[in-house]
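Enquirer: What follows is a single structure, and I will ask about it in a moment.
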Amino acid sequence: MPERRTVALVTLGCARNEVDSEELAGRLEADGWDLVEDAGDADVAVVNTCGFVDAAKKDSVDALLEANDLKGHGRTQAVVAVGCMAERYGKDLAEALPEADGVLGFDDYADISDRLQTILSGGIHASHTPRDRRKLLPISPAERQESAAGVALPGHAPADLPEGLAPASGPRAPLRRRLDGAPVASVKLASGCDRRCSFCAIPSFRGSFISRRPSDVLNETRWLGEQGVKEIMLVSENNTSYGKDLGDIRLLESLLPELAEVDGIERVRVSYLQPAEMRPGLIDVLTSTPKVVPYFDLSFQHSAPNVLRAMRRFGDTDRFLELLDTIRGKAPQAGVRSNFIVGFPGETEADLAELERFLNGARLDAIGVFGYSDEEGTEAATYDDKLDEDVVAERLARVSRLAEELVSQRAEERVGETVQVLVESVDEDGVHGRGAHQAPETDGQVLLTSGEGLSIGRMVEAKVVGTEGVDLVAEPLLDTLACSGEAGR
């Protein structure tokens with residue numbers, strides 16, 4: 001028999017990219033490829049790139065160059081770029097980075113096996129010319145679902161495939177293959193974005209907003225539960241818009257309780273929420289549904305009205321604080337995180353002070369702070385009132401220091417609380433997991449003082465007894481492994 005082809009997927013960027021990689025893995029394995037973890041053990045190394053900001057692009061290029069260095073020293077024969085940077089730059093990336101043997105866009109995903117085989121055989125697949133993917137779907141959200149069949153939507157593969165098409169599949173299996181055994185997995189709720197934030201290029205290469213069918217989301221979640229997943233995290237560019245193209249902007253409120261009832265799933269988390277689109281009914285469901293954690297990943301970005309208007313966003317300090325008060329009035333232990341941009345064109349010292357006022361009053365569990373830099377193709381890149389780089393750097397350092405101090409204070413406020421911890425690692429460094437207020441990789445973790453009898457994937461009730469910066473130290477409560485009906489509340 002001929003030797004089987006091997007492929008490794010290297011994923012950079014956000015949780016949405018992780019879902020896309022697992023769809024590619026499902027397609028490849030269904031077509032006879034062997035998936036390996038180490039790029040050095042693969043015939044083809046596929047790097048799923050991020051094209052969001054300059055730092056992410058640099059990481060993607062570095063990963064491609066690192067994979068290229070494996071050629072000639074082991075099994076690796078080809079390196080292929082996929083993902084957002086590949087889609088955004090296409091042939092320009094191919095010309096600038098000849099080390100990549102192929103640059104494949106989203107339209108290539110359905111035929112990924114053939115594309116990789118062509119490249120592996122020494123053939124050339126012409127890289128695409130980038131285009132504005134917002135133009136591929138109708139302007140009216142209500143008309144998009146009928147047109148979606150002809151548009152590549154990574155992570156939207158149907159979840160009712162014939163038996164045997166996906167690995168270990170049954171009638172509910174999605175076109176997806178898990179790349180790790182972690183007890184948490186992301187589920188794509190939608191793709192694209194209709195917002196026009198002046199600093200963001202994502203809609204141009206991810207396209208207009210389009211929801212997945214609730215049945216596909218449910219079936220994929222059932223499959224993940226069968227795979228041993230305990231927590232799902234719903235991801236998209238904007239989860240608060242879910243359902244608007246399906247005729248029901250409140251569809252998320254009805255879907256969440258159904259997801260919470262899926263066998264094996266003990267925790268449901270929603271990410272990427274727009275403050276301007278939060279509605280009372282959604283807050284109620286997020287704070288009162290068993291197994292749906294009261295977690296709010298709110299994209300504030302700033303709080304000074306003048307800066308927000310220049311960003312093409314809405315709100316202000318007092319309205320944002322009122323929103324947080326509403327949330328905590330319903331769920332006092334709710335977790336809240338957000339990201340902020342400082343040094344935006346036209347930002348004054350008064351604007352920065354307004355942001356600091358918000359941060360001091362918000363009691364956020366996790367804060368990401370980024371210094372503004374021009375992103376090509378965005379409206380903000382054309383603005384005239386840019387701040388000097390050294391001013392942006394000084395403001396970034398100043399707000400980052402404040403953020404670090406504030407999240408540590410917020411962690412200290414949780415001392416004495418009882419938290420439900422999903423165990424994610426058990427090794428010589430101890431037993432670590434996450435509470436309901438902590439999303440994977442971004443919001444800190446919980447170190448359990450005792451790990452006797454605990455294993456990865458268990459949910460345990462523990463009392464917070466200390467902190468280490470943003471991280472919590474917690475003592476498991478005797479005989480209180482959380483039952484599924486109480487997990488995450």
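Chain lettering (A, B, ...) mirrors the order of the structure tokens, residue numbering begins at 1 for each chain separately, and ligand numbering begins at 1 in order of display.
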Taking only stretch 306-376 of chain A into account, list the residues labelled strand (DSSP E) by DSSP (computed from the backbone), as a PyMOL selection string.
Expert: chain A and resi 335-342+366-371
Enquirer: Can you pull out every residue within 7 Å of A:Val292, counting only C-alpha atoms, but drop anything in the same chain fewer than 4 positions away, and send it as an MDAnalysis selection string?
Expert: chainID A and resid 260 267:269 286 488
Enquirer: How about saving the chosen residues, C-alpha atoms kept, as a compact mmCIF listing (two decimals), in the first residue's frame?
Expert:
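Once written, again.txt looks like this:
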# COMPACT_ATOMS: atom_id res chain seq x y z
CA ALA A 260 -27.45 23.93 28.04
CA ARG A 267 -20.99 24.90 30.78
CA VAL A 268 -22.03 27.18 27.92
CA ARG A 269 -20.16 30.45 27.40
CA LEU A 286 -27.15 34.91 30.40
CA GLY A 488 -21.19 27.42 36.02
Enquirer: Go through A:Ala100, A:Pro280, A:Leu355, A:Glu258 one by one, measure the shortest atom-to-atom distance of each to A:Pro305 using only C-alpha atoms, and give the residue with the smallest value.
Expert: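 Using only C-alpha atoms, A:Pro305 sits closest to A:Leu355.
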Enquirer: Quick one: distance from atom CA of A:Ser140 to atom CA of A:Gln301 in Å, one decimal?
Expert: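 If I compute the distance from atom CA of A:Ser140 to atom CA of A:Gln301, I get 27.1 Å.
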Enquirer: Given the choices A:Ala25, A:Ala411, A:Ile210, A:Leu259, which gets closest to A:Ala366 if the distance is worked out from only C-alpha atoms?
Expert: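 Ranking A:Ala25, A:Ala411, A:Ile210, A:Leu259 by distance to A:Ala366, first place goes to A:Ala411.
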Enquirer: Nearest to A:Leu308 among A:Glu66, A:Glu354, A:Glu389, A:Glu29, with distances taken over only C-alpha atoms: which residue is it?
Expert: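 Closest candidate: A:Glu354.
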Enquirer: Between atom CA of A:Glu37 and atom CA of A:Asp216, what is the distance in Å, rounded to a tenth?
Expert: 27.7 Å
Enquirer: So that I can see what lies close to A:Val426, please list as a ChimeraX atom specification the residues with an atom at most 12 Å from it, counting only C-alpha atoms and leaving out residues fewer than 2 positions away in the same chain.
Expert: /A:422-424,428-433,447-458
Enquirer: Limited to C-alpha atoms, could you put the picked residues into a file as a compact mmCIF listing (two decimals), in the first residue's frame?
Expert:
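Result saved to part-v6.txt:
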# COMPACT_ATOMS: atom_id res chain seq x y z
CA LEU A 422 -13.37 23.13 35.22
CA VAL A 423 -10.09 21.23 35.62
CA GLU A 424 -7.90 21.69 32.52
CA GLU A 428 3.81 18.57 38.40
CA ASP A 429 2.91 22.27 38.47
CA GLY A 430 -0.39 21.50 40.18
CA VAL A 431 -4.04 21.37 39.21
CA HIS A 432 -5.29 24.30 37.15
CA GLY A 433 -8.69 25.16 35.77
CA LEU A 447 -4.91 27.04 40.95
CA LEU A 448 -6.46 24.41 43.17
CA THR A 449 -4.65 23.82 46.45
CA SER A 450 -5.38 20.09 46.31
CA GLY A 451 -5.76 17.81 43.32
CA GLU A 452 -6.39 14.47 44.94
CA GLY A 453 -8.85 12.47 42.88
CA LEU A 454 -9.22 15.17 40.23
CA SER A 455 -8.74 14.68 36.51
CA ILE A 456 -8.97 16.84 33.41
CA GLY A 457 -12.57 17.60 32.52
CA ARG A 458 -13.95 17.36 36.07
Enquirer: Could you jot down the atom CA of A:Leu256 to atom CA of A:Pro294 separation for me, Å, one decimal place?
Expert: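 Computing it gives 12.0 Å between the two atoms.
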Enquirer: Just checking: using only C-alpha atoms, which residue out of A:Val10, A:Ala15, A:Ala393, A:Val285 ends up closest to A:Met233?
Expert: A:Ala15
